[in-house]
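Visitor: Supplied structure: target09.cif, mmCIF, N, CA and C atoms and all ligand atoms.
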```cif
data_work
loop_
_atom_site.label_atom_id
_atom_site.label_comp_id
_atom_site.auth_asym_id
_atom_site.auth_seq_id
_atom_site.Cartn_x
_atom_site.Cartn_y
_atom_site.Cartn_z
N MET A 1 17.60 12.76 6.87
CA MET A 1 16.25 12.94 7.43
C MET A 1 16.09 11.99 8.63
N VAL A 2 15.60 12.52 9.72
CA VAL A 2 15.30 11.69 10.89
C VAL A 2 13.81 11.37 10.87
N TRP A 3 13.48 10.09 10.94
CA TRP A 3 12.08 9.66 10.90
C TRP A 3 11.50 9.73 12.31
N ASN A 4 10.51 10.58 12.51
CA ASN A 4 9.95 10.76 13.86
C ASN A 4 8.48 10.34 13.94
N LYS A 5 8.07 9.49 13.01
CA LYS A 5 6.70 8.97 13.02
C LYS A 5 6.74 7.48 13.37
N PRO A 6 5.58 6.92 13.72
CA PRO A 6 5.56 5.48 14.02
C PRO A 6 6.00 4.67 12.80
N LEU A 7 6.57 3.51 13.05
CA LEU A 7 7.00 2.60 11.97
C LEU A 7 5.99 1.47 11.82
N PRO A 8 5.90 0.89 10.62
CA PRO A 8 5.02 -0.28 10.45
C PRO A 8 5.45 -1.41 11.38
N SER A 9 4.49 -2.25 11.77
CA SER A 9 4.87 -3.41 12.58
C SER A 9 5.29 -4.54 11.64
N MET A 10 6.30 -5.27 12.04
CA MET A 10 6.88 -6.30 11.20
C MET A 10 6.61 -7.66 11.81
N ASP A 11 6.15 -8.62 11.02
CA ASP A 11 6.11 -10.00 11.47
C ASP A 11 6.40 -10.88 10.25
N PRO A 12 6.68 -12.17 10.45
CA PRO A 12 7.13 -13.01 9.33
C PRO A 12 6.14 -13.06 8.15
N ASP A 13 4.83 -12.94 8.42
CA ASP A 13 3.85 -12.97 7.34
C ASP A 13 4.01 -11.82 6.36
N ILE A 14 4.36 -10.66 6.87
CA ILE A 14 4.38 -9.45 6.04
C ILE A 14 5.79 -9.02 5.65
N GLU A 15 6.79 -9.69 6.19
CA GLU A 15 8.18 -9.28 5.94
C GLU A 15 8.54 -9.23 4.43
N PRO A 16 8.11 -10.22 3.60
CA PRO A 16 8.45 -10.14 2.17
C PRO A 16 7.88 -8.89 1.48
N PHE A 17 6.72 -8.45 1.94
CA PHE A 17 6.10 -7.23 1.39
C PHE A 17 7.02 -6.03 1.61
N TRP A 18 7.52 -5.89 2.86
CA TRP A 18 8.38 -4.74 3.18
C TRP A 18 9.75 -4.87 2.54
N LYS A 19 10.26 -6.09 2.42
CA LYS A 19 11.57 -6.28 1.76
C LYS A 19 11.49 -5.89 0.29
N ALA A 20 10.39 -6.23 -0.37
CA ALA A 20 10.21 -5.85 -1.78
C ALA A 20 10.14 -4.33 -1.91
N LEU A 21 9.40 -3.68 -1.01
CA LEU A 21 9.30 -2.22 -1.07
C LEU A 21 10.68 -1.58 -0.94
N LYS A 22 11.51 -2.17 -0.08
CA LYS A 22 12.88 -1.66 0.09
C LYS A 22 13.60 -1.66 -1.25
N ARG A 23 13.32 -2.66 -2.12
CA ARG A 23 13.91 -2.73 -3.48
C ARG A 23 13.10 -1.90 -4.49
N HIS A 24 12.14 -1.11 -4.00
CA HIS A 24 11.22 -0.33 -4.83
C HIS A 24 10.43 -1.23 -5.78
N GLU A 25 9.93 -2.30 -5.19
CA GLU A 25 9.08 -3.24 -5.92
C GLU A 25 7.82 -3.44 -5.08
N PHE A 26 6.66 -3.38 -5.73
CA PHE A 26 5.39 -3.50 -5.01
C PHE A 26 4.83 -4.90 -5.22
N ASN A 27 4.80 -5.71 -4.18
CA ASN A 27 4.32 -7.08 -4.25
C ASN A 27 2.99 -7.24 -3.53
N LEU A 28 2.17 -8.12 -4.09
CA LEU A 28 0.94 -8.53 -3.42
C LEU A 28 0.95 -10.05 -3.35
N TYR A 29 0.09 -10.59 -2.50
CA TYR A 29 0.01 -12.03 -2.35
C TYR A 29 -0.84 -12.59 -3.49
N HIS A 30 -0.31 -13.63 -4.16
CA HIS A 30 -0.85 -14.08 -5.44
C HIS A 30 -1.06 -15.59 -5.42
N CYS A 31 -2.18 -16.03 -5.96
CA CYS A 31 -2.46 -17.47 -6.04
C CYS A 31 -1.92 -18.04 -7.34
N LYS A 32 -1.05 -19.04 -7.22
CA LYS A 32 -0.44 -19.65 -8.39
C LYS A 32 -1.44 -20.53 -9.15
N LYS A 33 -2.51 -20.97 -8.45
CA LYS A 33 -3.50 -21.85 -9.08
C LYS A 33 -4.47 -21.08 -9.97
N CYS A 34 -4.98 -19.96 -9.48
CA CYS A 34 -6.05 -19.27 -10.22
C CYS A 34 -5.74 -17.82 -10.54
N GLY A 35 -4.62 -17.29 -10.02
CA GLY A 35 -4.23 -15.93 -10.39
C GLY A 35 -4.85 -14.83 -9.54
N ALA A 36 -5.64 -15.19 -8.53
CA ALA A 36 -6.25 -14.16 -7.68
C ALA A 36 -5.18 -13.48 -6.81
N TRP A 37 -5.45 -12.22 -6.45
CA TRP A 37 -4.50 -11.42 -5.67
C TRP A 37 -5.10 -11.10 -4.31
N TYR A 38 -4.24 -11.03 -3.31
CA TYR A 38 -4.69 -10.76 -1.94
C TYR A 38 -3.73 -9.79 -1.25
N PHE A 39 -4.26 -8.99 -0.38
CA PHE A 39 -3.47 -8.21 0.57
C PHE A 39 -4.39 -7.83 1.72
N PRO A 40 -3.97 -8.11 2.97
CA PRO A 40 -2.73 -8.79 3.35
C PRO A 40 -2.80 -10.30 3.06
N VAL A 41 -1.88 -11.05 3.65
CA VAL A 41 -1.78 -12.49 3.42
C VAL A 41 -3.12 -13.19 3.71
N ALA A 42 -3.53 -14.06 2.79
CA ALA A 42 -4.76 -14.84 2.97
C ALA A 42 -4.66 -16.12 2.17
N CYS A 43 -5.47 -17.10 2.53
CA CYS A 43 -5.63 -18.27 1.68
C CYS A 43 -6.53 -17.86 0.52
N CYS A 44 -6.39 -18.53 -0.62
CA CYS A 44 -7.26 -18.22 -1.76
C CYS A 44 -8.68 -18.70 -1.44
N ARG A 45 -9.66 -17.84 -1.74
CA ARG A 45 -11.04 -18.21 -1.42
C ARG A 45 -11.74 -18.89 -2.59
N ASN A 46 -11.03 -19.12 -3.69
CA ASN A 46 -11.68 -19.66 -4.89
C ASN A 46 -11.69 -21.18 -4.98
N HIS A 47 -10.92 -21.86 -4.12
CA HIS A 47 -10.79 -23.32 -4.20
C HIS A 47 -10.08 -23.81 -2.95
N ASP A 48 -9.90 -25.14 -2.84
CA ASP A 48 -9.11 -25.68 -1.73
C ASP A 48 -7.68 -25.18 -1.85
N ASN A 49 -7.01 -25.03 -0.70
CA ASN A 49 -5.63 -24.55 -0.68
C ASN A 49 -4.68 -25.67 -0.29
N GLU A 50 -3.46 -25.60 -0.82
CA GLU A 50 -2.41 -26.53 -0.41
C GLU A 50 -1.96 -26.16 1.00
N PRO A 51 -1.43 -27.15 1.76
CA PRO A 51 -0.98 -26.85 3.12
C PRO A 51 0.11 -25.77 3.11
N LEU A 52 0.18 -25.03 4.21
CA LEU A 52 1.25 -24.04 4.42
C LEU A 52 1.34 -23.02 3.29
N PHE A 53 0.20 -22.59 2.78
CA PHE A 53 0.15 -21.56 1.73
C PHE A 53 0.93 -21.98 0.48
N GLY A 54 0.97 -23.32 0.20
CA GLY A 54 1.77 -23.83 -0.91
C GLY A 54 1.39 -23.27 -2.27
N ASN A 55 0.13 -22.89 -2.45
CA ASN A 55 -0.28 -22.35 -3.75
C ASN A 55 -0.20 -20.83 -3.81
N MET A 56 0.33 -20.22 -2.75
CA MET A 56 0.39 -18.76 -2.69
C MET A 56 1.84 -18.28 -2.78
N GLU A 57 2.02 -17.09 -3.34
CA GLU A 57 3.36 -16.50 -3.44
C GLU A 57 3.24 -14.97 -3.44
N TRP A 58 4.32 -14.30 -3.08
CA TRP A 58 4.40 -12.85 -3.27
C TRP A 58 4.82 -12.60 -4.71
N ALA A 59 4.11 -11.76 -5.42
CA ALA A 59 4.43 -11.50 -6.82
C ALA A 59 4.30 -10.01 -7.12
N LYS A 60 5.01 -9.58 -8.14
CA LYS A 60 5.04 -8.16 -8.47
C LYS A 60 3.68 -7.70 -8.99
N ALA A 61 3.20 -6.61 -8.43
CA ALA A 61 1.91 -6.04 -8.84
C ALA A 61 2.15 -4.71 -9.54
N SER A 62 1.09 -4.19 -10.14
CA SER A 62 1.24 -2.99 -10.99
C SER A 62 1.55 -1.72 -10.19
N GLY A 63 1.08 -1.65 -8.95
CA GLY A 63 1.22 -0.39 -8.20
C GLY A 63 0.24 0.67 -8.67
N LYS A 64 -0.75 0.26 -9.45
CA LYS A 64 -1.76 1.22 -9.93
C LYS A 64 -3.12 0.90 -9.32
N GLY A 65 -3.91 1.94 -9.15
CA GLY A 65 -5.24 1.75 -8.60
C GLY A 65 -6.05 3.03 -8.67
N LYS A 66 -7.14 3.03 -7.91
CA LYS A 66 -8.01 4.21 -7.86
C LYS A 66 -8.34 4.51 -6.41
N VAL A 67 -8.58 5.78 -6.13
CA VAL A 67 -9.01 6.16 -4.78
C VAL A 67 -10.41 5.62 -4.55
N PHE A 68 -10.55 4.76 -3.54
CA PHE A 68 -11.85 4.17 -3.21
C PHE A 68 -12.57 5.04 -2.18
N ALA A 69 -11.81 5.54 -1.20
CA ALA A 69 -12.36 6.40 -0.15
C ALA A 69 -11.20 7.18 0.44
N PHE A 70 -11.46 8.35 1.00
CA PHE A 70 -10.36 9.11 1.60
C PHE A 70 -10.89 10.09 2.63
N ASN A 71 -10.00 10.54 3.49
CA ASN A 71 -10.30 11.69 4.32
C ASN A 71 -9.09 12.60 4.37
N ILE A 72 -9.34 13.85 4.71
CA ILE A 72 -8.26 14.84 4.81
C ILE A 72 -8.04 15.12 6.28
N HIS A 73 -6.84 14.82 6.75
CA HIS A 73 -6.52 15.05 8.16
C HIS A 73 -6.06 16.50 8.35
N HIS A 74 -6.75 17.20 9.22
CA HIS A 74 -6.38 18.60 9.52
C HIS A 74 -5.66 18.73 10.85
N ARG A 75 -5.66 17.65 11.62
CA ARG A 75 -4.96 17.65 12.92
C ARG A 75 -3.96 16.52 12.95
N ALA A 76 -2.81 16.78 13.55
CA ALA A 76 -1.81 15.74 13.73
C ALA A 76 -2.16 14.96 14.99
N PHE A 77 -2.34 13.65 14.84
CA PHE A 77 -2.65 12.81 16.01
C PHE A 77 -1.38 12.23 16.62
N HIS A 78 -0.25 12.61 16.06
CA HIS A 78 1.07 12.22 16.55
C HIS A 78 1.98 13.40 16.21
N PRO A 79 2.90 13.79 17.13
CA PRO A 79 3.72 14.98 16.86
C PRO A 79 4.48 14.91 15.53
N GLY A 80 4.80 13.69 15.09
CA GLY A 80 5.55 13.53 13.84
C GLY A 80 4.81 14.04 12.60
N PHE A 81 3.48 14.17 12.70
CA PHE A 81 2.69 14.56 11.53
C PHE A 81 2.36 16.05 11.50
N GLU A 82 2.87 16.81 12.49
CA GLU A 82 2.48 18.22 12.59
C GLU A 82 2.81 19.03 11.34
N LYS A 83 3.91 18.70 10.68
CA LYS A 83 4.29 19.47 9.48
C LYS A 83 3.55 18.97 8.23
N ASP A 84 2.82 17.86 8.36
CA ASP A 84 2.17 17.26 7.18
C ASP A 84 0.73 17.73 6.98
N VAL A 85 0.09 18.23 8.01
CA VAL A 85 -1.33 18.57 7.87
C VAL A 85 -1.49 19.81 6.99
N PRO A 86 -2.55 19.87 6.17
CA PRO A 86 -3.51 18.79 5.94
C PRO A 86 -2.91 17.73 5.01
N TYR A 87 -3.24 16.45 5.28
CA TYR A 87 -2.77 15.37 4.41
C TYR A 87 -3.91 14.38 4.18
N VAL A 88 -3.75 13.58 3.14
CA VAL A 88 -4.81 12.66 2.73
C VAL A 88 -4.48 11.24 3.14
N TYR A 89 -5.40 10.59 3.84
CA TYR A 89 -5.32 9.15 4.06
C TYR A 89 -6.42 8.52 3.21
N ALA A 90 -6.06 7.51 2.43
CA ALA A 90 -7.02 6.95 1.48
C ALA A 90 -6.99 5.43 1.49
N MET A 91 -8.11 4.83 1.12
CA MET A 91 -8.15 3.42 0.76
C MET A 91 -8.00 3.39 -0.75
N ILE A 92 -6.96 2.70 -1.21
CA ILE A 92 -6.70 2.60 -2.64
C ILE A 92 -7.18 1.22 -3.11
N LYS A 93 -8.07 1.21 -4.09
CA LYS A 93 -8.51 -0.05 -4.71
C LYS A 93 -7.52 -0.36 -5.82
N LEU A 94 -6.69 -1.37 -5.60
CA LEU A 94 -5.63 -1.68 -6.55
C LEU A 94 -6.19 -2.36 -7.80
N GLU A 95 -5.48 -2.22 -8.92
CA GLU A 95 -5.92 -2.83 -10.19
C GLU A 95 -6.15 -4.32 -10.05
N GLU A 96 -5.32 -4.97 -9.22
CA GLU A 96 -5.40 -6.42 -9.03
C GLU A 96 -6.58 -6.83 -8.16
N GLY A 97 -7.20 -5.87 -7.48
CA GLY A 97 -8.38 -6.17 -6.66
C GLY A 97 -8.29 -5.79 -5.20
N PRO A 98 -7.18 -6.14 -4.50
CA PRO A 98 -7.12 -5.80 -3.07
C PRO A 98 -7.11 -4.29 -2.81
N MET A 99 -7.39 -3.94 -1.57
CA MET A 99 -7.31 -2.54 -1.14
C MET A 99 -6.11 -2.38 -0.23
N ILE A 100 -5.57 -1.16 -0.21
CA ILE A 100 -4.49 -0.84 0.73
C ILE A 100 -4.72 0.57 1.25
N GLY A 101 -4.46 0.75 2.52
CA GLY A 101 -4.55 2.08 3.13
C GLY A 101 -3.23 2.80 2.97
N SER A 102 -3.26 4.03 2.49
CA SER A 102 -2.02 4.77 2.27
C SER A 102 -2.33 6.26 2.19
N ASN A 103 -1.32 7.04 1.86
CA ASN A 103 -1.51 8.47 1.65
C ASN A 103 -1.55 8.76 0.16
N VAL A 104 -2.27 9.81 -0.21
CA VAL A 104 -2.18 10.35 -1.57
C VAL A 104 -1.31 11.59 -1.46
N VAL A 105 -0.22 11.60 -2.20
CA VAL A 105 0.77 12.67 -2.13
C VAL A 105 0.95 13.27 -3.53
N GLY A 106 1.68 14.37 -3.58
CA GLY A 106 2.04 14.96 -4.87
C GLY A 106 0.93 15.77 -5.49
N CYS A 107 -0.07 16.13 -4.68
CA CYS A 107 -1.12 17.02 -5.19
C CYS A 107 -1.76 17.73 -4.01
N ASP A 108 -2.51 18.78 -4.31
CA ASP A 108 -3.28 19.49 -3.29
C ASP A 108 -4.29 18.50 -2.69
N PRO A 109 -4.31 18.36 -1.36
CA PRO A 109 -5.27 17.41 -0.76
C PRO A 109 -6.72 17.64 -1.21
N TYR A 110 -7.06 18.88 -1.52
CA TYR A 110 -8.44 19.19 -1.90
C TYR A 110 -8.75 18.84 -3.35
N GLN A 111 -7.74 18.38 -4.09
CA GLN A 111 -7.95 17.93 -5.48
C GLN A 111 -8.23 16.43 -5.54
N VAL A 112 -8.05 15.74 -4.42
CA VAL A 112 -8.27 14.28 -4.41
C VAL A 112 -9.76 13.99 -4.56
N LYS A 113 -10.08 13.03 -5.45
CA LYS A 113 -11.47 12.66 -5.71
C LYS A 113 -11.62 11.14 -5.68
N ILE A 114 -12.83 10.69 -5.37
CA ILE A 114 -13.15 9.27 -5.48
C ILE A 114 -12.94 8.82 -6.93
N ASP A 115 -12.38 7.62 -7.11
CA ASP A 115 -12.11 7.02 -8.42
C ASP A 115 -10.94 7.66 -9.17
N MET A 116 -10.23 8.60 -8.53
CA MET A 116 -9.07 9.21 -9.18
C MET A 116 -7.99 8.14 -9.39
N PRO A 117 -7.46 8.00 -10.62
CA PRO A 117 -6.38 7.03 -10.85
C PRO A 117 -5.10 7.46 -10.13
N VAL A 118 -4.47 6.51 -9.46
CA VAL A 118 -3.23 6.79 -8.73
C VAL A 118 -2.21 5.68 -9.01
N GLU A 119 -0.95 6.01 -8.75
CA GLU A 119 0.12 5.02 -8.90
C GLU A 119 1.07 5.16 -7.73
N ILE A 120 1.82 4.09 -7.49
CA ILE A 120 2.69 4.06 -6.32
C ILE A 120 3.90 4.98 -6.48
N VAL A 121 4.32 5.56 -5.38
CA VAL A 121 5.64 6.18 -5.26
C VAL A 121 6.27 5.59 -4.01
N PHE A 122 7.57 5.38 -4.07
CA PHE A 122 8.28 4.73 -2.97
C PHE A 122 8.95 5.79 -2.11
N GLN A 123 8.61 5.80 -0.83
CA GLN A 123 9.20 6.77 0.08
C GLN A 123 10.15 6.05 1.04
N ASP A 124 11.45 6.22 0.82
CA ASP A 124 12.45 5.61 1.70
C ASP A 124 12.49 6.38 3.01
N ILE A 125 12.22 5.70 4.13
CA ILE A 125 12.15 6.42 5.40
C ILE A 125 13.23 6.00 6.40
N THR A 126 13.60 4.74 6.43
CA THR A 126 14.67 4.28 7.32
C THR A 126 15.48 3.21 6.58
N GLU A 127 16.50 2.70 7.23
CA GLU A 127 17.29 1.60 6.66
C GLU A 127 16.41 0.40 6.34
N GLN A 128 15.38 0.18 7.17
CA GLN A 128 14.56 -1.01 7.05
C GLN A 128 13.30 -0.81 6.20
N PHE A 129 12.78 0.42 6.18
CA PHE A 129 11.45 0.62 5.62
C PHE A 129 11.40 1.61 4.46
N THR A 130 10.63 1.22 3.45
CA THR A 130 10.21 2.11 2.38
C THR A 130 8.68 2.06 2.37
N LEU A 131 8.05 3.22 2.43
CA LEU A 131 6.58 3.24 2.48
C LEU A 131 5.99 3.32 1.07
N PRO A 132 4.90 2.57 0.84
CA PRO A 132 4.17 2.76 -0.41
C PRO A 132 3.22 3.95 -0.27
N GLN A 133 3.41 4.95 -1.11
CA GLN A 133 2.51 6.09 -1.15
C GLN A 133 1.94 6.15 -2.56
N PHE A 134 0.90 6.94 -2.75
CA PHE A 134 0.27 6.99 -4.08
C PHE A 134 0.12 8.43 -4.53
N ARG A 135 0.32 8.64 -5.84
CA ARG A 135 0.16 9.97 -6.41
C ARG A 135 -0.77 9.89 -7.60
N PRO A 136 -1.39 11.02 -7.96
CA PRO A 136 -2.29 11.00 -9.12
C PRO A 136 -1.50 10.62 -10.36
N VAL A 137 -2.14 9.85 -11.25
CA VAL A 137 -1.55 9.53 -12.56
C VAL A 137 -1.81 10.72 -13.46
N ALA A 138 -0.75 11.20 -14.10
CA ALA A 138 -0.90 12.32 -15.04
C ALA A 138 -1.83 11.90 -16.16
N GLN A 139 -2.84 12.71 -16.48
CA GLN A 139 -3.80 12.31 -17.53
C GLN A 139 -3.69 13.19 -18.75
ZN ZN B 201 -6.68 -19.32 -6.19
#
```
Will you turn the file into structure tokens for me?
Ligand SMILES: [Zn+2]
Guide:
Amino acid sequence: MVWNKPLPSMDPDIEPFWKALKRHEFNLYHCKKCGAWYFPVACCRNHDNEPLFGNMEWAKASGKGKVFAFNIHHRAFHPGFEKDVPYVYAMIKLEEGPMIGSNVVGCDPYQVKIDMPVEIVFQDITEQFTLPQFRPVAQ
């Protein structure tokens, strides 16, 4: 498969997130002091932080959440998406608390509903990148 869509931008702050996805592991930023979860990278807002993000780490998250908001794209805004329309772009409210923007796949776009439970699926797209996508949880 040739990937003809834009790729995520990479910088040192987010690199561990993408490296974990490559291993089919979904990581979020986690506070070792109080257990709070963040995405993207942030200092913990619950207390003072150690210098250089000392109390923070990337840790394995459930990959489960619910659709918080979504829209159905009927037009491709980039030629790479022409075969995908209509497709769903959604904000997923993760079980751990943070939100992530992604696609809902594996179902008819018109079946997607607010609060629908979803779980991660890993889409390998290039040597460097695996995308986190979400599909409905079988009920
Ligand atoms: Zn904390």
Visitor: Write out as a ChimeraX atom specification each polymer residue whose atoms come within 10 Å of Asn49 (chain A), counting only C-alpha atoms; drop sequence neighbours fewer than 6 positions from it.
Guide: /A:31,33,43,55-56
Visitor: Using all atoms listed in the file, which of the listed residues (A:Ile125, A:Val104, A:Ala20, A:Cys34) sits closest to ligand ZN 201 (chain B)?
Guide: A:Cys34
Visitor: If you count all atoms listed in the file, which residues fall within 8 Å of Ile100 (chain A), apart from same-chain ones fewer than 5 positions away, as a CSV table (one decimal) with N, CA and C atoms, in the coordinates of the input?
Guide:
```csv
chain,number,residue,atom,x,y,z
A,39,PHE,N,-4.3,-9.0,-0.4
A,39,PHE,CA,-3.5,-8.2,0.6
A,39,PHE,C,-4.4,-7.8,1.7
A,40,PRO,N,-4.0,-8.1,3.0
A,40,PRO,CA,-2.7,-8.8,3.4
A,40,PRO,C,-2.8,-10.3,3.1
A,90,ALA,N,-6.1,7.5,2.4
A,90,ALA,CA,-7.0,7.0,1.5
A,90,ALA,C,-7.0,5.4,1.5
A,91,MET,N,-8.1,4.8,1.1
A,91,MET,CA,-8.2,3.4,0.8
A,91,MET,C,-8.0,3.4,-0.8
A,92,ILE,N,-7.0,2.7,-1.2
A,92,ILE,CA,-6.7,2.6,-2.6
A,92,ILE,C,-7.2,1.2,-3.1
A,93,LYS,N,-8.1,1.2,-4.1
A,93,LYS,CA,-8.5,0.0,-4.7
A,93,LYS,C,-7.5,-0.4,-5.8
A,94,LEU,N,-6.7,-1.4,-5.6
A,94,LEU,CA,-5.6,-1.7,-6.6
A,94,LEU,C,-6.2,-2.4,-7.8
```
Visitor: Name the residues of chain A that fall into helix (DSSP H, G or I) according to DSSP on the backbone, using the chain letters and numbers of this document, as a list of chain:residue names.
Guide: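 Selecting the helix (DSSP H, G or I) positions of chain A gives A:Glu15, A:Pro16, A:Phe17, A:Trp18, A:Lys19, A:Ala20, A:Leu21, A:Lys22, A:Pro51, A:Leu52, A:Phe53, A:Pro79, A:Gly80, A:Phe81, A:Pro109, A:Tyr110, A:Gln111.
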Visitor: Pick the closest to ligand ZN 201 (chain B) from A:Tyr89, A:Phe68, A:Trp37, A:Trp58: which is it, counting only N, CA and C atoms and all ligand atoms?
Guide: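 Residue with the minimum atom-to-atom distance to ligand ZN 201 (chain B): A:Trp37.
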Visitor: Please identify the residues whose atoms come within 7 Å of ligand ZN 201 (chain B), using only C-alpha atoms and all ligand atoms, and report them as a VMD selection string.
Guide: chain A and resid 31 to 36 44 to 47
Visitor: Restricting it to N, CA and C atoms, dump the selection as a PDB file, in the coordinates of the input.
Guide:
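Ended up saving to out.pdb:
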```pdb
ATOM      1  N   CYS A  31      -2.180 -16.030  -5.960  1.00  0.00           N
ATOM      2  CA  CYS A  31      -2.460 -17.470  -6.040  1.00  0.00           C
ATOM      3  C   CYS A  31      -1.920 -18.040  -7.340  1.00  0.00           C
ATOM      4  N   LYS A  32      -1.050 -19.040  -7.220  1.00  0.00           N
ATOM      5  CA  LYS A  32      -0.440 -19.650  -8.390  1.00  0.00           C
ATOM      6  C   LYS A  32      -1.440 -20.530  -9.150  1.00  0.00           C
ATOM      7  N   LYS A  33      -2.510 -20.970  -8.450  1.00  0.00           N
ATOM      8  CA  LYS A  33      -3.500 -21.850  -9.080  1.00  0.00           C
ATOM      9  C   LYS A  33      -4.470 -21.080  -9.970  1.00  0.00           C
ATOM     10  N   CYS A  34      -4.980 -19.960  -9.480  1.00  0.00           N
ATOM     11  CA  CYS A  34      -6.050 -19.270 -10.220  1.00  0.00           C
ATOM     12  C   CYS A  34      -5.740 -17.820 -10.540  1.00  0.00           C
ATOM     13  N   GLY A  35      -4.620 -17.290 -10.020  1.00  0.00           N
ATOM     14  CA  GLY A  35      -4.230 -15.930 -10.390  1.00  0.00           C
ATOM     15  C   GLY A  35      -4.850 -14.830  -9.540  1.00  0.00           C
ATOM     16  N   ALA A  36      -5.640 -15.190  -8.530  1.00  0.00           N
ATOM     17  CA  ALA A  36      -6.250 -14.160  -7.680  1.00  0.00           C
ATOM     18  C   ALA A  36      -5.180 -13.480  -6.810  1.00  0.00           C
ATOM     19  N   CYS A  44      -6.390 -18.530  -0.620  1.00  0.00           N
ATOM     20  CA  CYS A  44      -7.260 -18.220  -1.760  1.00  0.00           C
ATOM     21  C   CYS A  44      -8.680 -18.700  -1.440  1.00  0.00           C
ATOM     22  N   ARG A  45      -9.660 -17.840  -1.740  1.00  0.00           N
ATOM     23  CA  ARG A  45     -11.040 -18.210  -1.420  1.00  0.00           C
ATOM     24  C   ARG A  45     -11.740 -18.890  -2.590  1.00  0.00           C
ATOM     25  N   ASN A  46     -11.030 -19.120  -3.690  1.00  0.00           N
ATOM     26  CA  ASN A  46     -11.680 -19.660  -4.890  1.00  0.00           C
ATOM     27  C   ASN A  46     -11.690 -21.180  -4.980  1.00  0.00           C
ATOM     28  N   HIS A  47     -10.920 -21.860  -4.120  1.00  0.00           N
ATOM     29  CA  HIS A  47     -10.790 -23.320  -4.200  1.00  0.00           C
ATOM     30  C   HIS A  47     -10.080 -23.810  -2.950  1.00  0.00           C
TER      31      HIS A  47
END
```
Visitor: If you count only N, CA and C atoms, which residues fall within 6 Å of Lys60 (chain A), apart from same-chain ones fewer than 4 positions away, as an MDAnalysis selection string?
Guide: chainID A and resid 26:28
Visitor: Based on the backbone DSSP call, show me all residues of region 24-135 of chain A assigned strand (DSSP E), as number ranges by chain.
Guide: A: 27-31, 37-38, 56-60, 64-73, 87-94, 99-104, 117-124, 130-135
Visitor: Need to verify the contact set: Lys113 (chain A), 8 Å, only N, CA and C atoms, exclusion of same-chain residues closer than 6 positions in sequence. Can you return it as a list in words?
Guide: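 That gives Lys66, Val67, Phe68, Ala69 and Phe70 of chain A.
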Visitor: Store the residues picked out above in a file with N, CA and C atoms, as an mmCIF file, in the frame of the given file.
Guide:
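Saved file selection_4.cif follows:
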```
data_model
loop_
_atom_site.group_PDB
_atom_site.id
_atom_site.type_symbol
_atom_site.label_atom_id
_atom_site.label_comp_id
_atom_site.auth_asym_id
_atom_site.auth_seq_id
_atom_site.Cartn_x
_atom_site.Cartn_y
_atom_site.Cartn_z
ATOM 1 N N LYS A 66 -7.140 3.030 -7.910
ATOM 2 C CA LYS A 66 -8.010 4.210 -7.860
ATOM 3 C C LYS A 66 -8.340 4.510 -6.410
ATOM 4 N N VAL A 67 -8.580 5.780 -6.130
ATOM 5 C CA VAL A 67 -9.010 6.160 -4.780
ATOM 6 C C VAL A 67 -10.410 5.620 -4.550
ATOM 7 N N PHE A 68 -10.550 4.760 -3.540
ATOM 8 C CA PHE A 68 -11.850 4.170 -3.210
ATOM 9 C C PHE A 68 -12.570 5.040 -2.180
ATOM 10 N N ALA A 69 -11.810 5.540 -1.200
ATOM 11 C CA ALA A 69 -12.360 6.400 -0.150
ATOM 12 C C ALA A 69 -11.200 7.180 0.440
ATOM 13 N N PHE A 70 -11.460 8.350 1.000
ATOM 14 C CA PHE A 70 -10.360 9.110 1.600
ATOM 15 C C PHE A 70 -10.890 10.090 2.630
#
```
Visitor: Between A:Gln111, A:Ser102, A:Thr130, A:Asn4, single out the one closest to Arg23 (chain A), counting only N, CA and C atoms.
Guide: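 The answer is A:Thr130, which sits nearest to Arg23 (chain A).
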Visitor: Would you pick out the contacts of Gly65 (chain A) at 10 Å or less, using only C-alpha atoms, so that residues sharing its chain but fewer than 4 positions from it are not included, and give the list as a VMD selection string?
Guide: chain A and resid 91 to 100 115 to 120 134 136 to 137
Visitor: One decimal, Å: what's the distance from atom C of Gln133 (chain A) over to CA of His78 (chain A), could you say?
Guide: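 Straight-line distance from atom C of Gln133 (chain A) to CA of His78 (chain A) works out to 20.1 Å.
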